[in-house]
Structures are given as C-alpha cells and as structure tokens.
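*Asks:* Sharing a structure, written as structure tokens. Questions coming.
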Amino acid sequence: MTEAHFIPQPYTKTLENGSVSWQSPSNIALVKYWGKYGEQLPKNASISFTLSNCHTKTTLSFEKATSTEDFQFEVYLDGKKEEGFEPKIQKFFERIERYVPFLKDYKFKIETSNSFPHSSGIASSASGMSALALCLLSIEKQLASEEISKEFFNKKASFLARLGSGSACRSIKGPLIVWGKHADIEGSSNLFGTKYPFEVHDNFKNYQDTILLVDKGEKQVSSTIGHNLMHDHPFSEQRFQQANDNLSKLIPVLKEGNISKFIKIIESEALSLHAMMMTSMPYFILMKPNTLEIINRIWNFRKETKSNVCFTLDAGANVHVLYPEAEKETVSTFIEAELKPFCKNGEYIHDQTGNGSTTL
Ligand code: PMV
C-alpha cells in the first residue's frame with residue numbers, strides 16, 4: 001500500500017452537522033521507535049503493548065463552515081478551552097488534508113479528556129491523536145459514496161494518527177501492534193500499525209503495566225527534537241539495526257512464553273533509547289535520580305525473589321513496571337512498599353494490555 005491509497009474518491013453525500021466520539025488508549029513500546037524520515041516515517045520497526053486504563057475520550061462536533069479558507073476548530077480539555085493544543089492540531093490538519101479533504105468544509109469543536117491526570121507526564125499524544133483520527137474517519141464514513149470496510153477504516157485511522165504523532169498509529173488496535181516495515185513480519189508497514197500476526201504465549205496475555213510517576217513536569221526536550229537528533233547521530237545506523245534485530249528476537253520469545261529472554265530485550269531497549277539521548281549532540285538526560293533508584297530496586301527484587309518483573313521507559317523519567325498477570329499481587333505489594341516512595345506525591349497508575357479504541 002502507498003500513501004495514494006488513502007486519498008478518497010470525491011464524496012457524494014452531504015452532511016450539515018453532527019458529532020462523533022471515540023475512546024482511544026495509550027501504548028507502551030517494547031521495541032522503541034526513535035528516529036524518523038520523510039513525513040513521520042520510522043527509521044526502524046517498533047512493537048508496543050496497547051494499554052487499557054490510560055486513554056483519551058474525544059468528541060468531535062462539526063457544522064458547515066461559512067468560509068472555507070482556513071481550518072476552523074476549537075479545542076476543549078476537560079471542558080476548558082485549551083489554546084495551547086491549537087498549533088499541534090493545525091499542523092496535523094495541514095498534514096492530513098489530502099487524505100480527509102472535508103476538513104475546511106466544517107467548523108469543528110474538539111472536546112477531549114484524559115483518564116490520567118494531565119500533568120502526570122504521561123504523553124497524551126498517542127491516545128489523543130488516535131482518538132481524533134478515529135473521529136475524522138467516522139465523519140468520512142458518513143460522507144463517502146462507498147462502504148468503508150472495518151479493515152480499511154482501522155488502517156486509515158492508524159495512517160492518519162501517525163501523521164499526528166508517530167507512536168499514535170499503534171493505539172487503534174491491540175494488544176500487540178507493530179509499526180514499521182520489518183522483513184520477518186508480513187504486512188508490516190511504515191505507513192500504519194498492524195496487529196502482531198504471530199502466536200503469543202499465555203504468559204504475555206493481560207500483561208500488567210504499572211506506571212510510576214517520577215516526574216510530572218514538562219519534558220526538557222520534546223520527542224520531536226529527540227527524533228531529529230538521530231539524523232547526525234554517531235550510533236544511529238547501529239541503533240536502527242539493533243531495534244530491528246530485537247524485534248526478530250522477540251518473535252520466538254513471545255511464542256514460547258520465555259519471560260527471562262523477554263526481560264533482557266525489553267530492558268535493553270529502554271536503556272538503548274536513553275543511551276541515544278545521552279549520546280546525541282546536544283546531549284540530554286530525561287531520567288531522574290528516582291528513575292535509577294527504581295530500576296535498581298526492580299533488579300534487586302528480581303534477584304531476591306525470582307520475580308519476572310521488569311521495567312521500560314518512554315521518552316521521560318516515568319518508569320513502566322511490566323509483569324505477568326500471575327504476579328499481580330506480589331508485584332503490587334512490592335510497588336506499594338518499595339517503589340511508591342520514589343514517585344512524585346506517591347502517585348502511580350495500574351494498567352494492563354488492552355484491545356484498542358472503541359466508539360462511544
Ligand atoms: O510518537 P512520538 O513522536 O512521541 O515518539 C515516541 C517515542 C517513544 O515513546 C520514546 C518510543 C515509542 O516507540 O513509543
């Protein structure tokens with residue numbers, strides 16, 4: 001498939017106004033995407049667990065615009081007008097206009113809310129952009145002359161979400177989504193996320209992710225800048241190769257249910273991502289002292305108890321604690337007793353893998 005497949009035939013139906021709503025979750029990458037080219041295309045393939053409790057709900061209301069020169073939209077977060085989101089959405093609309101050519105025909109009201117606190121440091125771009133992309137697709141479905149299949153709907157929603165925020169393309173479905181062309185995964189694409197097509201052992205079903213909120217402030221370096229720093233990075237080519245190799249290694253691990261091998265790949269991916277940040281020019285560190293303290297406590301706990309708990313990180317200081325459902329009780333007790341003191345205001349969020357977005 002190419003980009004051209006996502007340009008629709010001229011619409012034949014008309015719509016004066018309406019409203020559509022979607023709920024879409026966040027996701028956590030196991031093999032990380034860090035470095036892009038062209039229009040939001042990944043330099044390596046990535047795979048993520050789709051989450052469940054951390055999600056965004058978005059209602060998109062629309063009415064015919066009086067002028068069709070500019071995009072017209074207003075954004076509300078938790079009922080309050082949020083002008084801070086406008087530049088990102090303006091850019092998103094500019095990028096996707098070719099693929100959803102009705103954007104300038106309507107005046108939009110985007111009402112959005114997150115299940116997790118706004119200031120938690122949990123990126124809302126994956127859940128937020130995927131929810132908005134799905135809403136736009138629901139409108140297109142009503143305008144299109146031909147029936148849009150479920151499969152194409154999800155593909156195009158993922159394709160649009162990617163143009164808002166790369167990792168957002170992995171939030172449409174679940175529980176394991178691949179994004180980026182990979183030789184071992186048929187059907188994988190740089191343009192959109194696809195469901196992981198191979199067998200997954202029961203050990204990895206309902207995998208748990210407790211997100212420890214270490215630092216709730218604004219990130220010092222945005223992921224846009226971080227991705228760009230991979231262009232002239234001395235280790236970029238090796239890193240892209242490493243990520244693709246790790247995804248290959250994960251295939252038998254997921255099939256066999258080999259959690260100890262899983263842990264080695266997942267933790268190495270998290271630290272390699274942050275190593276790229278530390279070796280960029282300019283260099284930067286997103287981990288905080290408490291991030292390292294938590295990692296060490298997880299390693300000690302694993303050594304002492306033979307638990308299968310491990311960690312991963314996204315582009316920030318928060319720690320995602322990953323563990324099998326069978327260890328839910330013991331690991332929850334450990335988190336509450338030993339890791340909570342290293343969280344800002346003792347805050348953390350329990351989550352687990354989920355099946356992706358739902359229409360409301
Ligand atoms: O989707 P972006 O551009 O915010 O980049 C996300 C990058 C990581 O979260 C660090 C890794 C990933 O694959 O999600």
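In the structure tokens, each chain is lettered A, B, ... as it comes, each chain's residues begin at 1, and ligands are numbered from 1 in order of appearance.
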Select the residues contacting ligand 1 at a distance of at most 7 Å, based on only C-alpha atoms and all ligand atoms, then format the selection as a PyMOL selection string.
*Replies:* chain A and resi 28-29+31-34+46+125-126+165-168+223-224+314-315
*Asks:* When you look at Met1 in chain A with a cut-off of 9 Å (counting only C-alpha atoms), what residues show up, excluding the ones that are within fewer than 4 positions of it in the same chain? I need them as a list in words.
*Replies:* His5, Phe6, Ser189 and Leu191 of chain A
*Asks:* Of the candidates A:Ser26, A:Asn308, A:Asn258, A:Ser19, which one gets nearest to Val200 in chain A if we count only C-alpha atoms?
*Replies:*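 Selected residue with least distance to Val200 in chain A: A:Asn258.
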*Asks:* For the atom pair CA of Cys135 in chain A and CA of Thr59 in chain A, what is the interatomic distance in Å to one decimal place?
*Replies:*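 For CA of Cys135 in chain A relative to CA of Thr59 in chain A, the distance reads 7.4 Å.
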*Asks:* Pick out the residues sitting within 9 Å of Met276 in chain A, and hand them over as an MDAnalysis selection string; count only C-alpha atoms, and ignore anything fewer than 4 positions along from it in its own chain.
*Replies:* chainID A and resid 34 226 229:230 233 235:236 239 271:272 280 283
*Asks:* If you run DSSP on the backbone here, which positions in range 92-315 of chain A get alpha helix (DSSP H)? Please write them as a ChimeraX atom specification.
*Replies:* /A:92-96,125-143,150-164,223-228,236-256,259-278,289-305
*Asks:* Name the residues in contact with Thr68 in chain A at a cut-off of 9 Å, using only C-alpha atoms, excluding same-chain residues fewer than 5 positions from it; report them as an NGL selection string.
*Replies:* :A and (103-106)
*Asks:* Please write the residues from the selection above to a file, keeping all heavy atoms, as a PDB file, in the first residue's frame.
*Replies:*
```
ATOM      1  N   LEU A 103     -11.879  18.747   5.588  1.00  0.00           N
ATOM      2  CA  LEU A 103     -11.514  19.492   6.801  1.00  0.00           C
ATOM      3  C   LEU A 103     -11.896  20.973   6.770  1.00  0.00           C
ATOM      4  O   LEU A 103     -12.278  21.533   7.791  1.00  0.00           O
ATOM      5  CB  LEU A 103     -10.011  19.366   7.077  1.00  0.00           C
ATOM      6  CG  LEU A 103      -9.519  18.019   7.619  1.00  0.00           C
ATOM      7  CD1 LEU A 103      -8.025  18.073   7.873  1.00  0.00           C
ATOM      8  CD2 LEU A 103     -10.264  17.646   8.887  1.00  0.00           C
ATOM      9  N   LYS A 104     -11.750  21.596   5.596  1.00  0.00           N
ATOM     10  CA  LYS A 104     -12.043  23.037   5.539  1.00  0.00           C
ATOM     11  C   LYS A 104     -13.537  23.324   5.322  1.00  0.00           C
ATOM     12  O   LYS A 104     -13.962  24.472   5.365  1.00  0.00           O
ATOM     13  CB  LYS A 104     -11.202  23.711   4.447  1.00  0.00           C
ATOM     14  CG  LYS A 104      -9.763  23.906   4.902  1.00  0.00           C
ATOM     15  CD  LYS A 104      -8.949  24.720   3.934  1.00  0.00           C
ATOM     16  CE  LYS A 104      -7.541  24.901   4.486  1.00  0.00           C
ATOM     17  NZ  LYS A 104      -6.539  25.011   3.416  1.00  0.00           N
ATOM     18  N   ASP A 105     -14.326  22.269   5.115  1.00  0.00           N
ATOM     19  CA  ASP A 105     -15.767  22.477   4.902  1.00  0.00           C
ATOM     20  C   ASP A 105     -16.521  22.653   6.208  1.00  0.00           C
ATOM     21  O   ASP A 105     -17.691  23.046   6.197  1.00  0.00           O
ATOM     22  CB  ASP A 105     -16.383  21.261   4.173  1.00  0.00           C
ATOM     23  CG  ASP A 105     -15.770  21.062   2.800  1.00  0.00           C
ATOM     24  OD1 ASP A 105     -15.180  22.042   2.289  1.00  0.00           O
ATOM     25  OD2 ASP A 105     -15.848  19.938   2.270  1.00  0.00           O
ATOM     26  N   TYR A 106     -15.864  22.336   7.304  1.00  0.00           N
ATOM     27  CA  TYR A 106     -16.582  22.360   8.582  1.00  0.00           C
ATOM     28  C   TYR A 106     -15.855  23.189   9.634  1.00  0.00           C
ATOM     29  O   TYR A 106     -14.638  23.385   9.574  1.00  0.00           O
ATOM     30  CB  TYR A 106     -16.750  20.930   9.136  1.00  0.00           C
ATOM     31  CG  TYR A 106     -17.642  20.081   8.266  1.00  0.00           C
ATOM     32  CD1 TYR A 106     -17.103  19.163   7.372  1.00  0.00           C
ATOM     33  CD2 TYR A 106     -19.024  20.224   8.330  1.00  0.00           C
ATOM     34  CE1 TYR A 106     -17.919  18.396   6.550  1.00  0.00           C
ATOM     35  CE2 TYR A 106     -19.847  19.458   7.516  1.00  0.00           C
ATOM     36  CZ  TYR A 106     -19.295  18.545   6.637  1.00  0.00           C
ATOM     37  OH  TYR A 106     -20.110  17.801   5.824  1.00  0.00           O
TER      38      TYR A 106
END
```
